[in-house]
file model16.cif (mmCIF, N, CA and C atoms)
data_upload
loop_
_atom_site.label_atom_id
_atom_site.label_comp_id
_atom_site.auth_asym_id
_atom_site.auth_seq_id
_atom_site.Cartn_x
_atom_site.Cartn_y
_atom_site.Cartn_z
N MET A 1 145.91 116.18 86.19
CA MET A 1 144.58 116.74 86.36
C MET A 1 143.55 115.63 86.13
N LYS A 2 142.63 115.50 87.07
CA LYS A 2 141.60 114.47 87.00
C LYS A 2 140.48 114.92 86.06
N SER A 3 140.02 113.99 85.20
CA SER A 3 138.96 114.37 84.25
C SER A 3 137.61 114.43 84.96
N GLN A 4 136.80 115.31 84.48
CA GLN A 4 135.46 115.52 85.01
C GLN A 4 134.55 114.37 84.55
N PRO A 5 133.77 113.76 85.46
CA PRO A 5 132.87 112.70 85.01
C PRO A 5 131.82 113.26 84.04
N LYS A 6 131.35 112.40 83.13
CA LYS A 6 130.35 112.82 82.14
C LYS A 6 128.95 112.51 82.67
N SER A 7 128.04 113.40 82.40
CA SER A 7 126.66 113.25 82.84
C SER A 7 125.97 112.09 82.12
N GLN A 8 125.37 111.20 82.89
CA GLN A 8 124.55 110.13 82.32
C GLN A 8 123.21 110.70 81.84
N VAL A 9 122.69 111.68 82.57
CA VAL A 9 121.41 112.31 82.22
C VAL A 9 121.51 113.03 80.89
N LEU A 10 122.62 113.73 80.69
CA LEU A 10 122.76 114.56 79.49
C LEU A 10 123.57 113.90 78.38
N SER A 11 123.92 112.61 78.54
CA SER A 11 124.68 111.93 77.49
C SER A 11 123.86 111.84 76.21
N THR A 12 122.55 111.80 76.35
CA THR A 12 121.64 111.95 75.21
C THR A 12 120.98 113.30 75.39
N PRO A 13 121.14 114.21 74.46
CA PRO A 13 120.58 115.56 74.64
C PRO A 13 119.06 115.54 74.82
N ALA A 14 118.56 116.47 75.59
CA ALA A 14 117.11 116.61 75.78
C ALA A 14 116.48 117.04 74.47
N ALA A 15 115.23 116.65 74.28
CA ALA A 15 114.50 117.03 73.07
C ALA A 15 114.20 118.53 73.07
N ALA A 16 114.05 119.08 71.90
CA ALA A 16 113.64 120.48 71.77
C ALA A 16 112.24 120.61 72.37
N PRO A 17 111.91 121.77 72.93
CA PRO A 17 110.61 121.95 73.57
C PRO A 17 109.41 121.55 72.70
N ALA A 18 109.42 121.89 71.43
CA ALA A 18 108.28 121.54 70.56
C ALA A 18 108.17 120.03 70.39
N ALA A 19 109.30 119.35 70.25
CA ALA A 19 109.28 117.90 70.12
C ALA A 19 108.82 117.25 71.43
N ALA A 20 109.27 117.77 72.56
CA ALA A 20 108.85 117.24 73.86
C ALA A 20 107.36 117.45 74.07
N ALA A 21 106.85 118.62 73.69
CA ALA A 21 105.41 118.89 73.83
C ALA A 21 104.59 117.89 73.01
N ALA A 22 105.01 117.62 71.79
CA ALA A 22 104.30 116.67 70.93
C ALA A 22 104.37 115.26 71.51
N TYR A 23 105.53 114.86 71.99
CA TYR A 23 105.71 113.52 72.57
C TYR A 23 104.81 113.33 73.78
N PHE A 24 104.86 114.27 74.73
CA PHE A 24 104.09 114.10 75.96
C PHE A 24 102.59 114.24 75.73
N ALA A 25 102.18 115.04 74.77
CA ALA A 25 100.76 115.12 74.42
C ALA A 25 100.30 113.79 73.84
N ALA A 26 101.11 113.20 72.98
CA ALA A 26 100.76 111.91 72.39
C ALA A 26 100.74 110.82 73.47
N LYS A 27 101.69 110.85 74.36
CA LYS A 27 101.76 109.85 75.42
C LYS A 27 100.50 109.88 76.27
N GLY A 28 100.00 111.05 76.55
CA GLY A 28 98.77 111.20 77.35
C GLY A 28 97.54 110.61 76.68
N ALA A 29 97.58 110.48 75.37
CA ALA A 29 96.45 109.89 74.64
C ALA A 29 96.37 108.38 74.89
N TYR A 30 97.45 107.77 75.34
CA TYR A 30 97.51 106.33 75.54
C TYR A 30 97.42 105.91 77.00
N GLU A 31 97.63 106.86 77.91
CA GLU A 31 97.74 106.52 79.33
C GLU A 31 96.86 107.42 80.19
N THR A 32 96.52 106.87 81.34
CA THR A 32 95.94 107.64 82.43
C THR A 32 96.57 107.09 83.70
N ASP A 33 96.24 107.65 84.84
CA ASP A 33 96.83 107.13 86.06
C ASP A 33 95.77 106.95 87.14
N VAL A 34 96.19 106.36 88.24
CA VAL A 34 95.31 106.04 89.35
C VAL A 34 94.60 107.30 89.86
N ALA A 35 95.31 108.39 90.02
CA ALA A 35 94.70 109.61 90.56
C ALA A 35 93.60 110.15 89.65
N ASP A 36 93.83 110.12 88.34
CA ASP A 36 92.81 110.61 87.40
C ASP A 36 91.57 109.70 87.41
N VAL A 37 91.78 108.40 87.46
CA VAL A 37 90.64 107.46 87.52
C VAL A 37 89.88 107.67 88.82
N ALA A 38 90.58 107.77 89.94
CA ALA A 38 89.93 107.98 91.23
C ALA A 38 89.11 109.28 91.23
N TYR A 39 89.68 110.33 90.67
CA TYR A 39 88.97 111.61 90.61
C TYR A 39 87.66 111.47 89.83
N ASP A 40 87.75 110.87 88.65
CA ASP A 40 86.55 110.72 87.82
C ASP A 40 85.50 109.86 88.51
N LEU A 41 85.92 108.76 89.14
CA LEU A 41 84.95 107.91 89.84
C LEU A 41 84.30 108.65 90.99
N GLN A 42 85.09 109.38 91.76
CA GLN A 42 84.56 110.13 92.91
C GLN A 42 83.61 111.23 92.45
N ALA A 43 83.91 111.84 91.32
CA ALA A 43 83.07 112.93 90.80
C ALA A 43 81.86 112.40 90.02
N GLY A 44 81.77 111.08 89.84
CA GLY A 44 80.66 110.50 89.10
C GLY A 44 80.73 110.74 87.61
N LEU A 45 81.94 111.00 87.11
CA LEU A 45 82.11 111.24 85.69
C LEU A 45 82.14 109.92 84.94
N SER A 46 81.60 109.92 83.74
CA SER A 46 81.54 108.68 82.96
C SER A 46 82.21 108.89 81.62
N GLY A 47 82.03 107.94 80.73
CA GLY A 47 82.63 108.04 79.40
C GLY A 47 83.73 107.02 79.20
N PHE A 48 84.03 106.26 80.25
CA PHE A 48 85.03 105.20 80.12
C PHE A 48 84.58 104.00 80.94
N LEU A 49 85.16 102.85 80.59
CA LEU A 49 84.87 101.61 81.29
C LEU A 49 86.19 101.01 81.76
N LEU A 50 86.26 100.68 83.05
CA LEU A 50 87.45 100.04 83.60
C LEU A 50 87.43 98.57 83.23
N VAL A 51 88.58 98.08 82.77
CA VAL A 51 88.72 96.68 82.35
C VAL A 51 89.91 96.07 83.08
N ASP A 52 89.63 95.08 83.90
CA ASP A 52 90.64 94.35 84.66
C ASP A 52 91.10 93.17 83.82
N VAL A 53 92.37 93.14 83.44
CA VAL A 53 92.87 92.07 82.57
C VAL A 53 93.60 90.97 83.35
N ARG A 54 93.56 91.04 84.68
CA ARG A 54 94.17 89.98 85.48
C ARG A 54 93.30 88.71 85.39
N ASP A 55 93.77 87.61 85.93
CA ASP A 55 93.00 86.36 85.86
C ASP A 55 91.69 86.49 86.63
N ALA A 56 90.76 85.58 86.34
CA ALA A 56 89.40 85.66 86.90
C ALA A 56 89.40 85.57 88.42
N ARG A 57 90.28 84.76 89.00
CA ARG A 57 90.31 84.64 90.47
C ARG A 57 90.74 85.95 91.12
N ALA A 58 91.77 86.58 90.58
CA ALA A 58 92.23 87.85 91.14
C ALA A 58 91.13 88.90 91.05
N TYR A 59 90.43 88.94 89.91
CA TYR A 59 89.32 89.88 89.74
C TYR A 59 88.23 89.61 90.78
N GLU A 60 87.87 88.34 90.96
CA GLU A 60 86.81 87.99 91.90
C GLU A 60 87.17 88.45 93.31
N GLU A 61 88.43 88.33 93.68
CA GLU A 61 88.86 88.69 95.03
C GLU A 61 88.92 90.19 95.25
N ALA A 62 89.37 90.94 94.27
CA ALA A 62 89.48 92.40 94.43
C ALA A 62 89.63 93.06 93.06
N HIS A 63 88.83 94.09 92.83
CA HIS A 63 88.94 94.86 91.59
C HIS A 63 88.43 96.28 91.83
N LEU A 64 88.74 97.16 90.91
CA LEU A 64 88.30 98.54 91.01
C LEU A 64 86.79 98.62 90.85
N PRO A 65 86.16 99.59 91.50
CA PRO A 65 84.70 99.72 91.43
C PRO A 65 84.20 99.84 89.99
N GLY A 66 83.26 98.97 89.65
CA GLY A 66 82.64 99.01 88.33
C GLY A 66 83.42 98.36 87.22
N ALA A 67 84.61 97.84 87.53
CA ALA A 67 85.44 97.21 86.49
C ALA A 67 84.81 95.91 86.01
N VAL A 68 85.03 95.62 84.73
CA VAL A 68 84.64 94.33 84.18
C VAL A 68 85.89 93.48 84.04
N SER A 69 85.69 92.18 84.06
CA SER A 69 86.81 91.24 83.96
C SER A 69 86.98 90.79 82.51
N LEU A 70 88.18 90.93 82.03
CA LEU A 70 88.53 90.43 80.70
C LEU A 70 89.99 89.96 80.76
N PRO A 71 90.20 88.73 81.27
CA PRO A 71 91.58 88.25 81.40
C PRO A 71 92.34 88.44 80.09
N GLY A 72 93.44 89.17 80.16
CA GLY A 72 94.20 89.56 78.98
C GLY A 72 94.64 88.43 78.08
N GLY A 73 94.95 87.30 78.67
CA GLY A 73 95.40 86.17 77.88
C GLY A 73 94.26 85.42 77.22
N ARG A 74 93.03 85.86 77.47
CA ARG A 74 91.88 85.13 76.94
C ARG A 74 90.96 86.02 76.11
N LEU A 75 91.52 86.88 75.32
CA LEU A 75 90.70 87.74 74.46
C LEU A 75 90.23 86.90 73.29
N SER A 76 88.97 86.51 73.36
CA SER A 76 88.43 85.62 72.33
C SER A 76 87.79 86.42 71.20
N ALA A 77 87.24 85.69 70.25
CA ALA A 77 86.58 86.33 69.10
C ALA A 77 85.35 87.11 69.56
N THR A 78 84.67 86.63 70.60
CA THR A 78 83.51 87.35 71.13
C THR A 78 83.89 88.01 72.44
N LEU A 79 83.55 89.26 72.56
CA LEU A 79 83.87 90.03 73.76
C LEU A 79 82.58 90.41 74.48
N PRO A 80 82.66 90.69 75.79
CA PRO A 80 81.46 91.06 76.53
C PRO A 80 80.76 92.28 75.92
N GLU A 81 79.41 92.30 76.04
CA GLU A 81 78.63 93.43 75.52
C GLU A 81 79.03 94.75 76.18
N ALA A 82 79.56 94.68 77.39
CA ALA A 82 79.96 95.90 78.10
C ALA A 82 81.02 96.67 77.34
N LEU A 83 81.76 95.99 76.47
CA LEU A 83 82.80 96.63 75.69
C LEU A 83 82.19 97.24 74.42
N ALA A 84 81.34 98.20 74.62
CA ALA A 84 80.64 98.83 73.50
C ALA A 84 81.59 99.69 72.69
N PRO A 85 81.54 99.58 71.37
CA PRO A 85 82.36 100.45 70.53
C PRO A 85 82.06 101.92 70.84
N GLY A 86 83.10 102.73 70.86
CA GLY A 86 82.93 104.14 71.16
C GLY A 86 83.18 104.48 72.61
N THR A 87 83.14 103.48 73.50
CA THR A 87 83.46 103.70 74.91
C THR A 87 84.97 103.57 75.08
N VAL A 88 85.57 104.49 75.80
CA VAL A 88 87.01 104.39 76.07
C VAL A 88 87.20 103.30 77.13
N LEU A 89 88.00 102.32 76.80
CA LEU A 89 88.32 101.24 77.74
C LEU A 89 89.61 101.59 78.46
N VAL A 90 89.57 101.60 79.78
CA VAL A 90 90.75 101.88 80.60
C VAL A 90 91.18 100.56 81.21
N LEU A 91 92.28 100.02 80.71
CA LEU A 91 92.74 98.71 81.11
C LEU A 91 93.78 98.79 82.21
N TYR A 92 93.72 97.84 83.13
CA TYR A 92 94.73 97.75 84.18
C TYR A 92 95.04 96.30 84.49
N CYS A 93 96.23 96.09 85.06
CA CYS A 93 96.63 94.76 85.51
C CYS A 93 97.20 94.89 86.92
N TRP A 94 98.23 94.12 87.24
CA TRP A 94 98.76 94.12 88.61
C TRP A 94 99.48 95.40 88.99
N GLY A 95 100.40 95.87 88.21
CA GLY A 95 101.19 97.03 88.60
C GLY A 95 102.22 97.37 87.54
N PRO A 96 103.15 98.23 87.91
CA PRO A 96 104.14 98.71 86.94
C PRO A 96 105.02 97.62 86.34
N ALA A 97 105.18 96.51 87.04
CA ALA A 97 106.04 95.45 86.53
C ALA A 97 105.27 94.46 85.65
N CYS A 98 104.01 94.74 85.39
CA CYS A 98 103.16 93.86 84.60
C CYS A 98 102.79 94.57 83.30
N ASN A 99 102.93 93.87 82.19
CA ASN A 99 102.56 94.48 80.91
C ASN A 99 101.29 93.85 80.32
N GLY A 100 100.51 93.18 81.16
CA GLY A 100 99.27 92.57 80.70
C GLY A 100 98.30 93.57 80.12
N ALA A 101 98.17 94.73 80.75
CA ALA A 101 97.25 95.76 80.24
C ALA A 101 97.77 96.32 78.92
N THR A 102 99.07 96.45 78.79
CA THR A 102 99.66 96.94 77.54
C THR A 102 99.35 95.98 76.40
N LYS A 103 99.56 94.69 76.63
CA LYS A 103 99.31 93.69 75.60
C LYS A 103 97.83 93.64 75.23
N ALA A 104 96.95 93.67 76.24
CA ALA A 104 95.51 93.62 75.98
C ALA A 104 95.06 94.88 75.24
N ALA A 105 95.61 96.03 75.61
CA ALA A 105 95.25 97.28 74.94
C ALA A 105 95.64 97.22 73.46
N ALA A 106 96.80 96.67 73.17
CA ALA A 106 97.23 96.54 71.77
C ALA A 106 96.28 95.65 70.99
N ARG A 107 95.88 94.52 71.58
CA ARG A 107 94.97 93.61 70.88
C ARG A 107 93.59 94.22 70.70
N LEU A 108 93.09 94.92 71.72
CA LEU A 108 91.76 95.54 71.59
C LEU A 108 91.79 96.70 70.60
N ALA A 109 92.84 97.51 70.63
CA ALA A 109 92.95 98.62 69.68
C ALA A 109 93.00 98.08 68.24
N ALA A 110 93.69 96.96 68.04
CA ALA A 110 93.75 96.35 66.71
C ALA A 110 92.37 95.89 66.23
N ARG A 111 91.46 95.67 67.19
CA ARG A 111 90.10 95.25 66.86
C ARG A 111 89.14 96.44 66.79
N GLY A 112 89.69 97.65 66.89
CA GLY A 112 88.89 98.85 66.71
C GLY A 112 88.39 99.53 67.97
N TYR A 113 88.84 99.08 69.14
CA TYR A 113 88.41 99.69 70.40
C TYR A 113 89.31 100.86 70.76
N THR A 114 88.73 101.86 71.41
CA THR A 114 89.49 102.99 71.91
C THR A 114 89.96 102.63 73.32
N VAL A 115 91.27 102.69 73.54
CA VAL A 115 91.83 102.19 74.80
C VAL A 115 92.82 103.18 75.42
N LYS A 116 92.95 103.06 76.74
CA LYS A 116 94.00 103.72 77.51
C LYS A 116 94.47 102.71 78.55
N GLU A 117 95.71 102.84 78.96
CA GLU A 117 96.25 102.01 80.03
C GLU A 117 96.32 102.82 81.30
N MET A 118 95.86 102.23 82.42
CA MET A 118 95.98 102.91 83.71
C MET A 118 97.33 102.55 84.32
N LEU A 119 98.22 103.51 84.37
CA LEU A 119 99.54 103.29 84.94
C LEU A 119 99.44 102.95 86.42
N GLY A 120 100.28 102.03 86.86
CA GLY A 120 100.32 101.65 88.27
C GLY A 120 99.47 100.44 88.60
N GLY A 121 98.44 100.17 87.78
CA GLY A 121 97.59 99.01 88.01
C GLY A 121 96.93 99.01 89.38
N ILE A 122 96.43 97.84 89.75
CA ILE A 122 95.73 97.72 91.03
C ILE A 122 96.70 97.91 92.20
N GLU A 123 97.99 97.64 91.99
CA GLU A 123 98.97 97.85 93.06
C GLU A 123 98.95 99.30 93.53
N TYR A 124 99.04 100.24 92.60
CA TYR A 124 99.07 101.64 93.01
C TYR A 124 97.69 102.15 93.38
N TRP A 125 96.65 101.55 92.82
CA TRP A 125 95.29 101.88 93.25
C TRP A 125 95.17 101.59 94.75
N ARG A 126 95.66 100.44 95.16
CA ARG A 126 95.60 100.05 96.57
C ARG A 126 96.53 100.91 97.41
N LYS A 127 97.74 101.18 96.92
CA LYS A 127 98.68 102.01 97.69
C LYS A 127 98.13 103.40 97.95
N GLU A 128 97.31 103.90 97.01
CA GLU A 128 96.74 105.24 97.17
C GLU A 128 95.39 105.22 97.87
N GLY A 129 95.00 104.05 98.41
CA GLY A 129 93.79 103.96 99.22
C GLY A 129 92.49 103.87 98.44
N GLY A 130 92.56 103.46 97.19
CA GLY A 130 91.36 103.36 96.38
C GLY A 130 90.42 102.27 96.87
N ALA A 131 89.12 102.52 96.73
CA ALA A 131 88.11 101.54 97.12
C ALA A 131 88.19 100.31 96.23
N LEU A 132 87.82 99.17 96.78
CA LEU A 132 87.83 97.92 96.05
C LEU A 132 86.49 97.22 96.18
N GLU A 133 86.17 96.42 95.17
CA GLU A 133 85.03 95.52 95.21
C GLU A 133 85.59 94.12 95.12
N GLY A 134 84.79 93.12 95.49
CA GLY A 134 85.21 91.73 95.38
C GLY A 134 85.00 90.99 96.68
N THR A 135 85.31 89.71 96.68
CA THR A 135 85.06 88.87 97.85
C THR A 135 86.03 89.16 98.99
N LEU A 136 87.26 89.55 98.70
CA LEU A 136 88.26 89.81 99.74
C LEU A 136 88.63 91.28 99.87
N ARG A 137 88.38 92.06 98.85
CA ARG A 137 88.74 93.48 98.82
C ARG A 137 90.17 93.70 99.31
N GLU A 138 90.36 94.52 100.34
CA GLU A 138 91.70 94.87 100.81
C GLU A 138 92.48 93.67 101.35
N ALA A 139 91.80 92.58 101.73
CA ALA A 139 92.48 91.40 102.26
C ALA A 139 93.02 90.50 101.14
N ALA A 140 92.71 90.81 99.90
CA ALA A 140 93.20 90.00 98.77
C ALA A 140 94.71 90.12 98.65
N PRO A 141 95.36 89.06 98.20
CA PRO A 141 96.80 89.17 97.97
C PRO A 141 97.08 90.26 96.94
N LEU A 142 98.17 90.97 97.14
CA LEU A 142 98.51 92.04 96.21
C LEU A 142 98.89 91.46 94.85
N TYR A 143 99.47 90.28 94.84
CA TYR A 143 99.83 89.62 93.59
C TYR A 143 99.33 88.20 93.65
N TRP A 144 98.80 87.72 92.56
CA TRP A 144 98.31 86.35 92.53
C TRP A 144 99.03 85.53 91.46
N SER A 145 99.03 86.03 90.26
CA SER A 145 99.62 85.25 89.17
C SER A 145 100.44 86.14 88.27
N MET A 146 101.04 85.52 87.31
CA MET A 146 101.82 86.26 86.32
C MET A 146 100.87 87.07 85.45
N CYS A 147 101.38 88.09 84.79
CA CYS A 147 100.57 88.92 83.90
C CYS A 147 100.20 88.14 82.66
#

call {"tool": "encode", "arguments": {"input": "model16.cif", "output": "structure tokens"}}
result
Amino acid sequence: MKSQPKSQVLSTPAAAPAAAAAYFAAKGAYETDVADVAYDLQAGLSGFLLVDVRDARAYEEAHLPGAVSLPGGRLSATLPEALAPGTVLVLYCWGPACNGATKAAARLAARGYTVKEMLGGIEYWRKEGGALEGTLREAAPLYWSMC
């Protein structure tokens, strides 16, 4: 008799519903996504500031509407005035394979800023047809440098 294969999905049991609810509620406090940002921008809703943590050249060529540039690897002792305490900063980088926004969010949160990471980065913003600002906009390379 041939043995039944074991489930890879269920090899670790699923969390109890209450634990899953707490986990996913907490996760939402740290993240947002392209669709939610696009909705808020289109509806003219405010209360957050988009922060592009890619290098300055990539930002100059293409960035989300209204985003400020703060290259993640260059978070200095002095930060732009646009990063007002109390404003939720929504950070993004290249895409899902880049953790630049994650690293920058950790450093800014440690300095007392309220932060969220936009999942998907500019890659998914572009894939979903989001508007761009910059010198090249849609003609900009999708990837320029490392995170």

call {"tool": "residues_around", "arguments": {"input": "model16.cif", "residues": "A:Val68", "least_positions_apart": "6", "cutoff": "6 Å", "atoms": "only N, CA and C atoms", "output": "compact mmCIF listing (two decimals) with N, CA and C atoms, in the coordinates of the input"}}
result
# COMPACT_ATOMS: atom_id res chain seq x y z
N LEU A 50 86.26 100.68 83.05
CA LEU A 50 87.45 100.04 83.60
C LEU A 50 87.43 98.57 83.23
N VAL A 51 88.58 98.08 82.77
CA VAL A 51 88.72 96.68 82.35
C VAL A 51 89.91 96.07 83.08
N ASP A 52 89.63 95.08 83.90
CA ASP A 52 90.64 94.35 84.66
C ASP A 52 91.10 93.17 83.82

call {"tool": "select_by_dssp", "arguments": {"input": "model16.cif", "residues": "chain A", "states": "strand (DSSP E or B)", "output": "PyMOL selection string"}}
result
chain A and resi 31-33+48-52+63+68-69+88-92+114-119+133

call {"tool": "atom_distance", "arguments": {"input": "model16.cif", "atom1": "atom C of A:Arg74", "atom2": "atom C of A:Pro141"}}
result
22.1 Å

call {"tool": "atom_distance", "arguments": {"input": "model16.cif", "atom1": "atom N of A:Ala67", "atom2": "atom C of A:Ala110"}}
result
22.8 Å

call {"tool": "closest_residue", "arguments": {"input": "model16.cif", "among": "A:Pro65, A:Thr114, A:Ala21, A:Leu49", "to": "A:Ala82", "atoms": "only N, CA and C atoms"}}
result
A:Leu49

call {"tool": "closest_residue", "arguments": {"input": "model16.cif", "among": "A:Gly112, A:Gly121, A:Pro71, A:Pro80", "to": "A:Pro96", "atoms": "only N, CA and C atoms"}}
result
A:Gly121

call {"tool": "residues_around", "arguments": {"input": "model16.cif", "residues": "stretch 131-133 of chain A", "least_positions_apart": "5", "cutoff": "6 Å", "atoms": "only C-alpha atoms", "output": "PyMOL selection string"}}
result
chain A and resi 62-65

call {"tool": "atom_distance", "arguments": {"input": "model16.cif", "atom1": "atom C of A:Pro85", "atom2": "atom CA of A:Tyr30"}}
result
16.7 Å

call {"tool": "select_by_dssp", "arguments": {"input": "model16.cif", "residues": "chain A", "states": "alpha helix (DSSP H)", "output": "MDAnalysis selection string"}}
result
chainID A and resid 17:30 34:43 56:61 100:110 121:127

call {"tool": "closest_residue", "arguments": {"input": "model16.cif", "among": "A:Glu60, A:Asp55, A:Asp36, A:Glu31", "to": "A:Leu136", "atoms": "only C-alpha atoms"}}
result
A:Glu60

call {"tool": "resolve_selection", "arguments": {"input": "model16.cif", "expression": "the PyMOL selection byres ((chain A and resi 122) around 6)", "output": "list in words"}}
result
Tyr92, Cys93, Trp94, Gly95, Gly120, Gly121, Glu123, Tyr124, Trp125, Arg126 and Lys127 of chain A

call {"tool": "residues_around", "arguments": {"input": "model16.cif", "residues": "A:Ser46", "least_positions_apart": "6", "cutoff": "12 Å", "atoms": "only C-alpha atoms", "output": "list in words"}}
result
Val37, Ala38, Tyr39, Asp40, Gly66, Thr87, Val88, Leu89 and Val90 of chain A
